[in-house]
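K.L.:
Provided below: start-v3.txt, containing compact mmCIF, C-alpha atoms.
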```txt
# COMPACT_ATOMS: atom_id res chain seq x y z
CA MET A 1 -17.30 -47.00 22.46
CA THR A 2 -15.57 -47.20 19.10
CA ASP A 3 -13.65 -44.43 17.38
CA GLU A 4 -14.87 -44.70 13.80
CA ARG A 5 -12.54 -42.04 12.46
CA ARG A 6 -10.05 -43.23 9.90
CA THR A 7 -6.79 -41.62 8.89
CA PRO A 8 -7.40 -39.35 5.88
CA SER A 9 -5.85 -40.61 2.65
CA CYS A 10 -3.97 -38.68 -0.04
CA ASP A 11 -7.15 -38.65 -2.11
CA ASP A 12 -9.07 -37.23 0.80
CA VAL A 13 -6.79 -34.21 1.10
CA SER A 14 -5.75 -33.61 -2.51
CA GLU A 15 -8.41 -30.97 -3.07
CA GLY A 16 -7.57 -29.18 0.15
CA LEU A 17 -3.84 -28.88 -0.52
CA ALA A 18 -4.28 -26.06 -3.02
CA GLU A 19 -6.57 -24.16 -0.67
CA LEU A 20 -4.18 -24.72 2.25
CA ALA A 21 -1.27 -23.38 0.18
CA LEU A 22 -3.38 -20.33 -0.64
CA GLY A 23 -4.17 -19.83 3.04
CA ILE A 24 -7.92 -20.04 2.51
CA LEU A 25 -8.67 -23.45 4.01
CA THR A 26 -10.52 -23.25 7.30
CA GLY A 27 -12.28 -25.31 9.90
CA ARG A 28 -12.48 -29.08 9.85
CA GLU A 29 -11.16 -29.36 6.29
CA ARG A 30 -7.96 -27.67 7.39
CA SER A 31 -7.61 -29.98 10.39
CA VAL A 32 -8.01 -33.07 8.21
CA VAL A 33 -5.37 -31.92 5.74
CA LEU A 34 -2.91 -30.98 8.47
CA GLU A 35 -3.41 -34.33 10.16
CA HIS A 36 -2.62 -36.12 6.93
CA LEU A 37 0.42 -33.97 6.17
CA ALA A 38 2.01 -34.88 9.50
CA GLY A 39 2.61 -38.41 8.19
CA CYS A 40 2.81 -37.99 4.42
CA PRO A 41 6.06 -36.70 2.89
CA ARG A 42 4.61 -36.88 -0.63
CA CYS A 43 1.71 -34.57 0.09
CA SER A 44 4.01 -32.32 2.14
CA ALA A 45 6.27 -31.96 -0.88
CA GLU A 46 3.31 -31.15 -3.08
CA LEU A 47 2.13 -28.55 -0.59
CA GLU A 48 5.57 -26.97 -0.69
CA GLN A 49 5.39 -26.67 -4.47
CA LEU A 50 1.89 -25.27 -4.34
CA SER A 51 3.02 -22.74 -1.73
CA VAL A 52 5.70 -21.48 -4.11
CA VAL A 53 2.98 -20.87 -6.68
CA ALA A 54 0.73 -19.18 -4.15
CA ASP A 55 3.54 -16.89 -2.97
CA SER A 56 4.28 -15.81 -6.54
CA PHE A 57 1.00 -13.99 -7.03
CA VAL A 58 2.00 -10.96 -4.97
CA HIS A 59 4.92 -10.40 -7.34
CA LEU A 60 2.57 -9.79 -10.25
CA ALA A 61 1.50 -6.38 -9.00
CA ALA A 62 2.84 -3.29 -10.74
CA GLU A 63 5.32 -0.94 -9.10
CA ILE A 64 3.72 2.43 -8.52
CA GLU A 65 5.29 5.58 -7.10
CA PRO A 66 3.61 6.47 -3.79
CA PRO A 67 2.05 9.91 -3.28
CA VAL A 68 4.37 12.79 -2.52
CA GLY A 69 5.25 13.04 1.15
CA PHE A 70 4.93 9.30 1.65
CA GLU A 71 8.45 9.00 2.95
CA VAL A 72 8.19 12.00 5.22
CA ARG A 73 5.05 10.68 6.82
CA LEU A 74 6.47 7.18 7.17
CA PHE A 75 9.78 8.26 8.66
CA GLU A 76 7.94 10.49 11.09
CA ARG A 77 5.89 7.49 12.26
CA LEU A 78 9.00 5.33 12.49
CA GLY A 79 10.90 7.94 14.42
CA VAL A 80 13.64 7.75 11.82
CA ASP A 81 15.70 10.83 11.05
CA PRO A 82 14.41 12.03 7.70
CA PRO A 83 16.89 11.95 4.84
CA THR A 84 18.19 15.24 3.53
CA VAL A 85 17.07 14.54 -0.02
CA ALA A 86 13.64 13.27 -0.97
CA PRO A 87 13.66 10.73 -3.81
CA ASP A 88 9.90 10.66 -3.98
CA HIS A 89 9.64 14.02 -5.68
CA LYS A 90 10.23 12.65 -9.15
CA VAL A 91 6.89 11.15 -10.09
CA VAL A 92 3.51 12.42 -9.07
CA ARG A 93 0.32 10.47 -9.48
CA SER A 94 -2.09 12.44 -7.39
CA LYS A 95 -5.00 13.46 -9.58
CA ALA A 96 -5.48 16.52 -7.45
CA TRP A 97 -2.28 17.94 -8.88
CA ALA A 98 -2.92 17.07 -12.48
CA GLY A 99 -2.88 20.14 -14.64
CA ARG A 100 -1.78 22.39 -11.83
CA GLY A 101 1.91 22.56 -12.44
CA GLY A 102 2.34 18.94 -11.45
CA PRO A 103 5.73 17.44 -10.82
CA MET A 104 7.61 20.70 -10.42
CA ILE A 105 5.27 21.89 -7.73
CA PHE A 106 5.50 18.53 -6.05
CA ALA A 107 9.25 18.64 -6.19
CA VAL A 108 9.25 21.93 -4.37
CA ALA A 109 6.60 20.62 -1.98
CA ALA A 110 8.63 17.56 -1.15
CA ALA A 111 11.76 19.57 -0.63
CA LEU A 112 9.98 22.06 1.56
CA LEU A 113 8.28 19.38 3.57
CA LEU A 114 11.71 18.13 4.39
CA LEU A 115 12.82 21.63 5.18
CA ALA A 116 9.91 21.87 7.55
CA VAL A 117 11.01 18.74 9.34
CA ALA A 118 14.62 19.78 9.28
CA PHE A 119 13.71 23.09 10.87
CA GLY A 120 11.81 21.31 13.62
CA ALA A 121 8.47 22.58 12.50
CA GLY A 122 6.68 19.68 14.09
CA TRP A 123 4.65 18.20 11.26
CA PHE A 124 2.10 15.94 12.88
CA SER A 125 3.32 16.93 16.28
CA GLY A 126 0.88 17.34 19.10
CA PRO A 127 -1.31 20.33 19.72
CA GLY A 128 0.44 23.63 19.43
CA SER A 129 -0.33 27.06 18.22
CA SER A 130 -3.02 26.99 15.60
CA ARG A 131 -1.76 30.28 14.23
CA GLY A 132 0.18 30.36 11.03
CA HIS A 133 3.89 30.74 11.39
CA HIS A 134 6.84 31.02 9.10
CA LEU A 135 8.69 27.75 8.66
CA ALA A 136 11.35 28.18 6.07
CA THR A 137 12.38 29.99 2.96
CA GLY A 138 12.27 27.93 -0.21
CA PRO A 139 13.81 28.45 -3.62
CA THR A 140 11.49 31.31 -4.56
CA GLY A 141 9.37 32.11 -1.56
CA GLN A 142 8.40 31.51 2.04
CA LEU A 143 6.65 28.57 3.61
CA THR A 144 4.00 29.16 6.24
CA SER A 145 2.21 26.50 8.22
CA ALA A 146 -0.84 26.26 10.43
CA VAL A 147 -2.48 23.45 12.34
CA LEU A 148 -5.74 22.21 10.90
CA ARG A 149 -8.24 22.09 13.74
CA ALA A 150 -11.75 20.90 14.44
CA GLY A 151 -12.57 22.64 17.70
CA SER A 152 -9.66 21.73 19.96
CA GLN A 153 -8.74 18.63 17.95
CA ASN A 154 -5.70 18.55 15.72
CA ARG A 155 -6.78 17.38 12.27
CA GLY A 156 -3.57 17.87 10.34
CA ARG A 157 -1.61 20.69 8.81
CA VAL A 158 -1.88 23.23 6.02
CA MET A 159 1.16 24.74 4.37
CA LEU A 160 1.22 27.81 2.15
CA TYR A 161 4.09 28.49 -0.16
CA ASP A 162 4.48 32.03 -1.39
CA GLY A 163 6.30 31.20 -4.59
CA ARG A 164 5.63 31.58 -8.27
CA PRO A 165 3.03 30.25 -8.49
CA PRO A 166 1.84 30.28 -4.88
CA TRP A 167 0.46 26.95 -3.72
CA MET A 168 -0.84 25.09 -0.73
CA PHE A 169 -0.50 21.58 0.60
CA MET A 170 -2.50 19.95 3.35
CA THR A 171 -2.65 16.72 5.25
CA VAL A 172 -5.88 15.73 6.94
CA THR A 173 -5.89 13.06 9.63
CA ASP A 174 -8.59 11.41 11.70
CA SER A 175 -11.33 13.54 10.23
CA GLY A 176 -13.85 10.80 10.82
CA SER A 177 -15.18 11.27 7.33
CA ALA A 178 -14.64 9.23 4.19
CA ALA A 179 -15.95 11.65 1.63
CA LYS A 180 -15.19 14.08 -1.13
CA VAL A 181 -14.29 17.36 0.51
CA THR A 182 -13.62 20.87 -0.70
CA CYS A 183 -10.83 23.20 0.29
CA GLU A 184 -11.93 26.81 0.66
CA ILE A 185 -9.77 29.75 1.60
CA SER A 186 -10.81 33.04 3.10
CA THR A 187 -8.73 36.03 2.09
CA VAL A 188 -7.83 39.18 3.99
CA SER A 189 -10.17 41.10 1.68
CA GLY A 190 -13.10 38.99 2.86
CA ALA A 191 -13.52 36.78 -0.18
CA THR A 192 -14.13 33.03 0.07
CA LEU A 193 -12.55 31.03 -2.73
CA ASP A 194 -12.94 27.39 -3.70
CA VAL A 195 -9.44 25.98 -4.29
CA GLY A 196 -10.34 22.40 -5.18
CA THR A 197 -11.69 19.06 -4.03
CA PHE A 198 -10.16 15.80 -2.91
CA TRP A 199 -11.14 12.55 -1.28
CA LEU A 200 -10.57 11.46 2.30
CA SER A 201 -9.92 7.76 2.77
CA ALA A 202 -12.02 5.42 4.86
CA ALA A 203 -9.74 6.28 7.77
CA GLY A 204 -10.49 9.95 7.29
CA TYR A 205 -7.06 10.66 5.88
CA GLY A 206 -6.06 12.74 2.91
CA ALA A 207 -3.07 14.57 1.47
CA TRP A 208 -3.69 17.13 -1.21
CA GLY A 209 -2.35 20.25 -2.76
CA ALA A 210 -3.09 22.85 -5.41
CA SER A 211 -2.04 26.19 -6.80
CA LEU A 212 -3.43 29.17 -4.90
CA PRO A 213 -5.65 31.66 -6.73
CA VAL A 214 -4.18 34.51 -4.62
CA PRO A 215 -0.76 35.26 -3.12
CA ALA A 216 -0.11 33.15 -0.04
CA ASP A 217 0.12 36.19 2.22
CA GLN A 218 -3.46 37.05 1.29
CA VAL A 219 -4.83 33.87 2.84
CA ARG A 220 -6.47 34.37 6.20
CA SER A 221 -7.72 30.83 6.73
CA ALA A 222 -8.21 27.53 4.98
CA GLU A 223 -11.16 25.26 5.56
CA VAL A 224 -11.95 21.66 4.74
CA VAL A 225 -15.62 21.54 3.83
CA GLY A 226 -17.50 18.27 3.82
CA PRO A 227 -20.72 17.19 2.12
CA GLY A 228 -23.58 19.58 2.73
CA GLY A 229 -21.25 22.44 3.52
CA THR A 230 -20.17 21.16 6.90
CA ILE A 231 -16.83 22.64 7.95
CA LEU A 232 -14.68 19.70 9.06
CA ALA A 233 -11.56 21.63 10.01
CA THR A 234 -10.00 25.07 9.80
CA ALA A 235 -6.46 26.40 9.68
CA ASP A 236 -5.95 29.98 10.83
CA PHE A 237 -3.12 31.99 9.27
CA THR A 238 -3.86 35.33 10.90
CA GLY A 239 -1.44 34.90 13.76
CA MET B 1 24.39 5.37 6.40
CA ALA B 2 23.58 2.12 4.60
CA THR B 3 24.42 1.84 0.94
CA PRO B 4 21.93 0.84 -1.73
CA GLY B 5 24.06 -2.19 -2.60
CA LEU B 6 23.35 -4.03 0.64
CA SER B 7 21.14 -7.11 0.45
CA ASP B 8 17.59 -7.07 1.76
CA GLU B 9 18.64 -9.31 4.62
CA ALA B 10 21.50 -6.98 5.53
CA LEU B 11 19.18 -4.00 5.59
CA LEU B 12 16.72 -5.90 7.78
CA THR B 13 19.55 -6.69 10.17
CA GLY B 14 20.50 -3.04 10.25
CA MET B 15 16.91 -2.06 10.93
CA ALA B 16 16.71 -4.61 13.71
CA HIS B 17 19.67 -2.91 15.35
CA GLY B 18 18.19 0.55 15.05
CA ASP B 19 20.20 1.80 12.08
CA ASP B 20 18.19 4.64 10.53
CA GLY B 21 20.20 4.44 7.33
CA SER B 22 19.13 0.85 6.80
CA ALA B 23 15.50 1.78 7.36
CA VAL B 24 15.73 4.62 4.85
CA ALA B 25 17.40 2.40 2.24
CA PHE B 26 14.89 -0.38 2.80
CA VAL B 27 11.89 1.91 2.49
CA ARG B 28 13.25 3.43 -0.71
CA ARG B 29 13.88 0.01 -2.14
CA TYR B 30 10.41 -1.30 -1.38
CA GLN B 31 7.98 1.58 -1.28
CA LYS B 32 6.99 1.36 -4.95
CA ARG B 33 6.38 -2.38 -4.76
CA VAL B 34 4.45 -2.12 -1.52
CA PHE B 35 2.35 0.82 -2.63
CA GLY B 36 1.90 -0.76 -6.07
CA LEU B 37 0.51 -3.95 -4.62
CA ALA B 38 -1.78 -2.11 -2.23
CA TYR B 39 -3.02 0.22 -4.94
CA SER B 40 -3.49 -2.61 -7.44
CA MET B 41 -5.68 -4.41 -4.92
CA ILE B 42 -7.61 -1.51 -3.40
CA GLY B 43 -7.77 1.00 -6.24
CA ASP B 44 -7.72 4.02 -3.93
CA ALA B 45 -4.55 6.02 -3.39
CA GLY B 46 -5.36 7.19 0.12
CA ALA B 47 -6.30 3.77 1.41
CA ALA B 48 -3.35 2.23 -0.42
CA GLU B 49 -0.99 4.65 1.31
CA ASP B 50 -2.46 3.72 4.69
CA VAL B 51 -1.86 0.05 3.91
CA ALA B 52 1.63 0.63 2.51
CA GLN B 53 2.70 2.69 5.49
CA GLU B 54 1.37 0.13 7.95
CA ALA B 55 3.08 -2.68 6.04
CA LEU B 56 6.46 -1.00 6.15
CA ILE B 57 6.01 -0.16 9.82
CA ARG B 58 5.30 -3.83 10.53
CA VAL B 59 8.37 -4.86 8.56
CA TRP B 60 10.43 -2.42 10.61
CA ARG B 61 8.96 -3.74 13.86
CA HIS B 62 9.37 -7.40 12.97
CA ALA B 63 12.74 -7.15 11.26
CA PRO B 64 14.45 -8.87 14.24
CA VAL B 65 12.34 -12.02 13.80
CA PHE B 66 12.52 -12.37 10.02
CA ASP B 67 13.48 -15.96 9.15
CA ALA B 68 15.16 -16.28 5.75
CA ARG B 69 14.55 -20.03 5.76
CA ARG B 70 10.83 -19.43 5.34
CA GLY B 71 11.09 -17.38 2.19
CA SER B 72 12.54 -14.28 0.58
CA VAL B 73 12.36 -10.81 2.08
CA THR B 74 10.39 -9.65 -0.95
CA THR B 75 7.74 -12.30 -0.53
CA TRP B 76 7.57 -11.58 3.20
CA VAL B 77 7.12 -7.85 2.70
CA LEU B 78 4.57 -8.23 -0.08
CA THR B 79 2.62 -10.86 1.83
CA ILE B 80 2.35 -8.52 4.81
CA THR B 81 1.10 -5.84 2.41
CA ARG B 82 -1.36 -8.19 0.78
CA ASN B 83 -2.80 -9.30 4.11
CA LEU B 84 -3.27 -5.71 5.24
CA ALA B 85 -4.91 -4.85 1.92
CA ILE B 86 -7.26 -7.81 2.35
CA ASP B 87 -8.21 -6.50 5.80
CA ALA B 88 -8.87 -3.06 4.32
CA LEU B 89 -10.98 -4.56 1.55
CA ARG B 90 -12.99 -6.65 3.98
CA MET B 91 -13.87 -3.49 5.87
CA ARG B 92 -15.13 -2.08 2.60
CA ARG B 93 -16.86 -5.35 1.72
CA SER B 94 -15.87 -5.08 -1.90
CA ILE B 95 -13.19 -5.80 -4.47
CA PRO B 96 -12.80 -2.57 -6.44
CA THR B 97 -10.17 -4.02 -8.76
CA ASP B 98 -11.37 -6.66 -11.17
CA PRO B 99 -9.25 -9.84 -10.82
CA ASP B 100 -8.45 -9.76 -14.54
CA ASP B 101 -7.38 -6.13 -14.26
CA PHE B 102 -5.03 -7.00 -11.41
CA VAL B 103 -3.21 -9.49 -13.60
CA ALA B 104 -3.21 -7.22 -16.65
CA LEU B 105 -1.96 -4.23 -14.66
CA GLY B 106 1.02 -6.16 -13.42
CA LEU B 107 1.87 -7.60 -16.78
CA VAL B 108 1.80 -4.35 -18.69
CA SER B 109 3.64 -2.31 -16.07
CA ASN B 110 6.76 -0.73 -17.51
CA GLU B 111 8.03 0.59 -14.21
CA ARG B 112 9.72 -2.52 -12.91
CA SER B 113 13.14 -2.08 -11.41
CA PRO B 114 16.06 -4.27 -12.48
CA GLU B 115 15.78 -6.04 -9.12
CA ASP B 116 12.13 -6.81 -9.71
CA ARG B 117 12.77 -7.99 -13.24
CA ALA B 118 15.41 -10.29 -11.79
CA MET B 119 12.88 -11.60 -9.30
CA LEU B 120 10.34 -12.07 -12.04
CA ALA B 121 12.89 -14.11 -13.91
CA ASP B 122 12.55 -16.56 -11.05
CA ALA B 123 8.81 -16.84 -10.86
CA GLY B 124 6.88 -14.18 -12.72
CA PRO B 125 7.06 -15.13 -16.41
CA GLU B 126 6.04 -18.72 -15.81
CA LEU B 127 3.23 -17.67 -13.54
CA ALA B 128 2.09 -15.00 -15.96
CA SER B 129 2.22 -17.21 -19.04
CA ALA B 130 0.58 -20.10 -17.24
CA LEU B 131 -2.14 -17.78 -15.97
CA GLY B 132 -2.70 -16.70 -19.55
CA THR B 133 -3.39 -20.24 -20.63
CA LEU B 134 -6.01 -20.88 -17.98
CA PRO B 135 -9.69 -20.57 -18.85
CA PRO B 136 -10.86 -17.11 -17.76
CA GLU B 137 -13.16 -18.48 -15.08
CA GLN B 138 -10.32 -20.53 -13.60
CA ARG B 139 -7.99 -17.54 -13.64
CA ARG B 140 -10.54 -15.33 -11.92
CA ALA B 141 -11.17 -17.90 -9.21
CA LEU B 142 -7.45 -18.26 -8.62
CA VAL B 143 -6.75 -14.54 -8.41
CA LEU B 144 -9.68 -14.05 -6.07
CA ALA B 145 -8.23 -16.73 -3.80
CA ALA B 146 -4.49 -16.09 -4.16
CA VAL B 147 -4.49 -12.31 -4.19
CA TYR B 148 -7.68 -11.31 -2.43
CA GLY B 149 -7.72 -14.17 0.08
CA ARG B 150 -11.24 -15.23 -0.80
CA THR B 151 -12.23 -18.67 0.43
CA ALA B 152 -13.77 -21.17 -1.97
CA ALA B 153 -17.18 -20.37 -0.52
CA GLU B 154 -16.64 -16.65 -1.09
CA VAL B 155 -15.43 -17.28 -4.65
CA ALA B 156 -18.55 -19.35 -5.25
CA ASP B 157 -20.68 -16.53 -3.92
CA GLU B 158 -18.96 -13.78 -5.92
CA GLU B 159 -18.88 -15.77 -9.14
CA SER B 160 -22.40 -17.17 -8.61
CA ILE B 161 -21.26 -20.76 -8.99
CA PRO B 162 -21.65 -23.87 -6.81
CA LEU B 163 -19.06 -24.38 -4.06
CA GLY B 164 -17.81 -27.57 -5.70
CA THR B 165 -17.19 -25.72 -8.95
CA ALA B 166 -15.23 -23.02 -7.15
CA LYS B 167 -13.07 -25.62 -5.41
CA THR B 168 -12.45 -27.42 -8.68
CA ARG B 169 -11.43 -24.22 -10.46
CA ILE B 170 -9.01 -23.31 -7.69
CA ARG B 171 -7.49 -26.78 -7.50
CA ALA B 172 -7.22 -27.25 -11.26
CA GLY B 173 -5.72 -23.81 -11.73
CA MET B 174 -3.14 -24.31 -9.00
CA SER B 175 -2.25 -27.71 -10.38
CA LYS B 176 -1.57 -26.29 -13.85
CA LEU B 177 0.54 -23.46 -12.46
CA ARG B 178 2.54 -25.87 -10.30
CA VAL B 179 3.30 -28.08 -13.28
CA ALA B 180 4.34 -25.11 -15.41
CA MET B 181 6.64 -23.66 -12.77
CA ALA B 182 8.11 -27.04 -11.86
CA ALA B 183 8.89 -27.65 -15.55
CA ARG B 184 10.86 -24.43 -15.72
CA GLN B 185 12.81 -25.31 -12.57
CA GLU B 186 13.82 -28.59 -14.15
CA GLN B 187 14.99 -26.79 -17.27
CA SER B 188 17.14 -24.33 -15.36
```
Just give me the structure of the file as C-alpha cells.
P.N.:
Amino acid sequence: MTDERRTPSCDDVSEGLAELALGILTGRERSVVLEHLAGCPRCSAELEQLSVVADSFVHLAAEIEPPVGFEVRLFERLGVDPPTVAPDHKVVRSKAWAGRGGPMIFAVAAALLLLAVAFGAGWFSGPGSSRGHHLATGPTGQLTSAVLRAGSQNRGRVMLYDGRPPWMFMTVTDSGSAAKVTCEISTVSGATLDVGTFWLSAAGYGAWGASLPVPADQVRSAEVVGPGGTILATADFTG
Amino acid sequence: MATPGLSDEALLTGMAHGDDGSAVAFVRRYQKRVFGLAYSMIGDAGAAEDVAQEALIRVWRHAPVFDARRGSVTTWVLTITRNLAIDALRMRRSIPTDPDDFVALGLVSNERSPEDRAMLADAGPELASALGTLPPEQRRALVLAAVYGRTAAEVADEESIPLGTAKTRIRAGMSKLRVAMAARQEQS
C-alpha cells in the first residue's frame, strides 16, 4: 500500500494563511496549512505578520460609556468591594432616560446605588423580603427598594427615590423574555400609571429608569408588563 | 489601592493576587473599550453589557495565566470580548451592525482616550487608511471575517458570491493590509 500524500507546498497553503490568521480556517484545510507551517519558516513569518493585521481589527471599535450601574453590577459579580465613588455617572446613553432629566438623574442614581451597596442593602442578593424598605437617604430624598418577583422567583430589584423629581430605577434579571416591556405602577389611591417602556435582552435582562409621575411614597407596587399584558414581575412597596 | 498609572500587566498581576484595587482600576481603564466593541458589533445595549461584563469577568479569572509574549493586554481583552460577541451574535443568527458601519463608527469616534490614541498610533491609522483603499466588497469580506468571525463559506453565503470569490477577497485584502502595515514598521 502506497501513501500518495505529498507534503503541501507554499503555494498550496498561501490562500489558507490569511484565513488561519483570522481564525476562520477549519477542517482539512487547517490541518494542511499547519502541517506545512511546521517545516516552513518563511510561511510561519508571513503568518505572524498576517496575525498582527488580524489582531488590529478589534482596536477599530469606538469607545462607548457603558450603561449606568455597569460597574456596580460587575463588581458585585466579581465579589470586589465596590469603590466609594462611581466614575460611570458622567455619561448616560440609555435611551430610556433621554429627555427625563438625563445625566443628573443618573448621577444621583449611580451614587445611590453605591449607597445601597455600602449600606448592605443586598442588591442582587438572594431571596429576602419582597416588601419595600428604606435603604438610604440621598442628597434630596429617601431611597426605597423592593425585590422584583415572579411568584417566588427573584427577578431583580426596583428602587424608588423620593427626590425632586422623584424617580425609579429597576434591574430585571432572568425574566425569560426578550421583549419590549412596560413598567406600570399602582398608587395608594388605586390608580395604575404607565411609567415607560424598555427592552429586555435575549438573556431576559434589563436595567432601566425614569422619572415618577407621583411622589415615591405614593407608589404601592411596580410591575413589569410583557407583550399582551402579561405581568412578568411585581415589586411590592406596601411593607 | 492601585493607582491609575500602573501598567496593564501590573494591574493583571494585582488582580491575579486578589487585589481589589487592581481590579477596580483595570475595569475602569477598559470598560469603555470593551463595551464599545461589544456594542459596535451587536448594536444592542443590553446584550452588549452582558458580553462586556462576561469579558471582564473572564479577564479577571484568567489574569494569572496571561502571557505577555503572545500579545498585548489590550488585544487579549478585546479578543475575548470579540469572541463572546460572536457567540452572542451566532445565537441571534444575524449581524445587526453593517460591516461598513463598524469601520466608520470606529473611525469617527471622538471619545478615544490618550492611551487608545497611543495604541492606534501603533496599528490603527495604517489599518484604517489601508482599509479605506480596499474595494468595498473586499473590505466587507474582511470585516465579516476579522471582526465577526465569519468563515469564507459564511461570507460567500452572506454576500451571495461564490466561495472562491470570498476566499480571494479575504486573501487579497489581508495581503494589502499586511504590506501597508509592514511598510510603516520599516519607516519607524
K.L.:
Can you measure CA of Asp12 (chain A) to CA of Val52 (chain A) for me? One decimal in Å is fine.
P.N.:
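Interatomic distance, CA of Asp12 (chain A) to CA of Val52 (chain A): 22.1 Å.
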K.L.:
From the set A:Leu160, A:Ala222, A:Ala150, A:Leu212, which residue has the shortest atom-to-atom contact distance to Ile185 (chain A), counting all atoms listed in the file?
P.N.:
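Smallest distance to Ile185 (chain A) is found for A:Ala222.
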K.L.:
Fewer than 6 positions away in the same chain doesn't count, so skip those; otherwise give me all residues within 7 Å of region 44-56 of chain B, counting all atoms listed in the file, as number ranges by chain.
P.N.:
A: 74, 201-202, 205-206; B: 34-35, 38, 80-81, 84-85
K.L.:
With all atoms listed in the file considered, list every residue of chain A at most 6 Å from chain B, as a ChimeraX atom specification.
P.N.:
/A:18,22,24,60-66,80,201
K.L.:
Grab the CA of Ala10 (chain B) to CA of Arg70 (chain B) distance for me, in Å with one decimal place.
P.N.:
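So the answer is 16.4 Å.
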K.L.:
Return the single residue from A:Ser152, A:Thr26, A:Ser14, A:Thr7 that is closest to Ala233 (chain A), with distances computed using all atoms listed in the file.
P.N.:
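Closest candidate: A:Ser152.
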K.L.:
To one decimal in Å, tell me the separation between CA of Glu48 (chain A) and CA of Leu34 (chain A).
P.N.:
13.1 Å
K.L.:
Take every atom of region 48-57 of chain A listed in the file, fit an axis-aligned box around them, add 3 Å per side, and give the centre and edge lengths in Å to one decimal as lines of an AutoDock Vina configuration file.
P.N.:
```
center_x = 3.2
center_y = -20.5
center_z = -3.9
size_x = 11.0
size_y = 19.0
size_z = 12.3
```
K.L.:
A:Gly69, A:Gly23, A:Pro41, A:Gly151: which is nearest Ala54 (chain A), counting all atoms listed in the file?
P.N.:
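With all atoms listed in the file as the atom set, the closest residue is A:Gly23.
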